[in-house]
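Comments concern the structure below.
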Amino acid sequence: MTYERPQFFRVMQYAAAADRDVVDMVSGNPDWEPPAALRDGLREYADADPDDFQYPPSEGLVELREEIGARRNVSPDRVVVTNGTGEANYLAMAAALDRDAGSEVLLTDPVYPYYPGKAALLGGDVTYVPAAEDGDVDQEAFREAASEETGLILVNTPNNPTGAVYSRETMRALADLAEDVDATLVVDEVYDHFDLTGEFESALTLDSDRVVVTTGYSKSMAITGFRVGYAVLPEQFVDGAKTRHMLVNVATSRPPQVAVLRALRETDPAYYADARALLRDRVETFTDALDAAGADYTRPDGAFYVLARFDGFPGTMANAETLIDEAGVAGMPGETFGSARDDWLRFALVTPRVDEAASRLADYFG
């Protein structure tokens, strides 16, 4: 699979131009309210002194980095606040490949397509490792694929698009593999608040200098437009990541950092629990409809996506457009995520119209 342009936007634009009402199940934009404290933080910032409207520290507000460090049990000196998790991933991948320990990048198949896109920008050579049938990491397949040219192993848990949540044992095995082949393991944990099993453990608990963890607040606080993420890097990567971040962005915007900091300090855990409960209900509603449609599907253990396969209707871009035109539901073609699930379509459950979309799919395929 080669990454050429943002296929997500192609599908969304096609749906927007359709001559009928369409339920958008393409984008991962949460549809629920952000924490109330976040809005309060923005209002407070609007009345700040002029000095607070100037450049913040490039690596992130000191108070925010300290809050993150305390929550993640790491030194704040290892935290670089970024323009979303996307930039955090880019900085982490660049740090791994800048070591000149090998240009090979091991990615799962299926895969979030921005990872191979970033790998290509950084001069990496991608090798895809098919996931297990349930979406989990196939540890033996990763070990067989690794070589002396492997410089970077990148995984995402909870996973987009499969919904798999990788166990601590799996992450330990991948960290050990990185050690064995002199590579770096980058773990994107942006969906960590959407673990529906209660068993997710951050890769930071491995306490390995081979591991970089990236995440952010776009999903957990329902603020994809704020672009506040961060990377927790081993000490040897921090200076290089700060330099690249400064050269590309100068700094991450101050107002959303201030708002996120206040939300971190004042938001009750019930906020996140309520979001998970909402998603569990939507999973039940949607998969019931897929049963009625006679589809195969993945039931997510985390994140908020469902992969579905309909008989005689492979997950091509053409079929995604057909589904928009004839059923009024927009999903992502499986071929966007690699070859391992190219017969499938991916649906995002972050819409209040899940019931309606489920009914439309059941009618169309049933």
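Residue numbers start at 1 in each chain; chains themselves are named A, B, ... in the order of the structure tokens; ligands are numbered from 1 in the order shown.
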
Each stretch 246-278 of chain A residue no farther than 9 Å from stretch 183-193 of chain A, nearest pair in Å, only C-alpha atoms, as a tab-separated table:
residue	atom	partner	partner_atom	distance
A:Tyr272	CA	A:His193	CA	6.7
A:Ala273	CA	A:His193	CA	8.5
A:Ala275	CA	A:His193	CA	9.0
A:Arg276	CA	A:His193	CA	8.0

Serialized selection, C-alpha atoms, as a PDB file, in the first residue's frame:
ATOM      1  CA  TYR A 272     -14.523   9.581  30.492  1.00  0.00           C
ATOM      2  CA  ALA A 273     -16.600   6.717  31.922  1.00  0.00           C
ATOM      3  CA  ALA A 275     -18.138   8.438  27.019  1.00  0.00           C
ATOM      4  CA  ARG A 276     -17.180   4.772  27.223  1.00  0.00           C
TER       5      ARG A 276
END

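In terms of minimum interatomic distance to A:Pro130, A:Pro110 ranks closest within A:Pro110, A:His245, A:Lys118, A:Ser75, counting only C-alpha atoms.
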
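The list of residues with at least one atom within 6 Å of stretch 284-298 of chain A, based on only C-alpha atoms and without residues fewer than 4 positions apart in the same chain, reads Val306, Leu307, Ala308, Arg309, Phe310, Ala358, Ala362, Phe365 and Gly366 of chain A.
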
Got a sec: who's within 10 Å of stretch 156-162 of chain A, counting only C-alpha atoms, leaving out chain neighbours fewer than 6 positions off, as a PyMOL selection string?
-> chain A and resi 28+107-113+115+131+133-137+171+186-196+200-203+213-215+297-307+332+334+337+341+345-348

Helix (DSSP H, G or I) call set, DSSP backbone run, stretch 137-166 of chain A, as a count of residues only | 7

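Each of A:Pro352, A:Gly124, A:Gly338, A:Gly84 was checked against A:Asp100 using only C-alpha atoms; the smallest atom-to-atom distance is that of A:Gly124.
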
Just the residues within 7 Å of A:Leu106, please, counting only C-alpha atoms, with nothing from its chain fewer than 4 positions along; format it as a list in words.
-> Val126, Thr127, Tyr128, Val129, Leu152, Ile153 and Leu154 of chain A

Pull N, CA and C atoms from the residues just selected and write them as a tab-separated table (two decimals), in the first residue's frame.
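Dumped everything to part_27.tsv:
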chain	number	residue	atom	x	y	z
A	126	VAL	N	8.77	0.80	4.38
A	126	VAL	CA	7.73	0.16	5.17
A	126	VAL	C	7.61	-1.33	4.85
A	127	THR	N	7.53	-2.12	5.91
A	127	THR	CA	7.17	-3.53	5.81
A	127	THR	C	5.90	-3.73	6.62
A	128	TYR	N	4.87	-4.32	5.97
A	128	TYR	CA	3.60	-4.54	6.65
A	128	TYR	C	3.56	-5.94	7.24
A	129	VAL	N	3.09	-6.02	8.49
A	129	VAL	CA	2.98	-7.30	9.18
A	129	VAL	C	1.49	-7.54	9.45
A	152	LEU	N	12.54	1.01	13.20
A	152	LEU	CA	11.34	1.51	13.84
A	152	LEU	C	10.24	0.47	13.79
A	153	ILE	N	9.61	0.24	14.93
A	153	ILE	CA	8.39	-0.57	15.02
A	153	ILE	C	7.32	0.37	15.57
A	154	LEU	N	6.19	0.47	14.87
A	154	LEU	CA	5.14	1.40	15.30
A	154	LEU	C	3.82	0.66	15.39

Near A:Asp125, within 10 Å and counting only C-alpha atoms, which residues show up once chain neighbours fewer than 5 positions away are dropped, as a VMD selection string?
-> chain A and resid 102 to 106 116 119 to 120 149 to 152

Selected residue, from A:Leu247, A:Met317, A:Ala164, A:Ala259, that lies nearest to A:Glu335 when counting only C-alpha atoms = A:Met317

Residue among A:Thr205, A:Gln54, A:Thr197, A:Thr85 lying closest to A:Pro255, counting only C-alpha atoms | A:Gln54

As a ChimeraX atom specification, list the residues of stretch 169-219 of chain A assigned to strand (DSSP E or B) by DSSP on the backbone atoms of this structure.
-> /A:184-188,195,211-216

Out of A:Ala18, A:Leu177, A:Met221, A:Val212, which residue has the shortest atom-to-atom distance to A:Asp268 when counting only C-alpha atoms?
->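 Of A:Ala18, A:Leu177, A:Met221, A:Val212, the one nearest A:Asp268 is A:Met221, counting only C-alpha atoms.
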
For A:Arg143: contacts at 9 Å, only C-alpha atoms, fewer than 4 positions along chain excluded, given as a PyMOL selection string = chain A and resi 138-139+147+174+177

With only C-alpha atoms as the basis for distance, which of A:Leu264, A:Leu279, A:Met93, A:Ala270 is at the shortest distance from A:Arg244?
->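 Counting only C-alpha atoms, the residue closest to A:Arg244 is A:Met93.
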
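Straight-line separation from atom CA of A:Asp355 to atom CA of A:Pro34: 22.4 Å.
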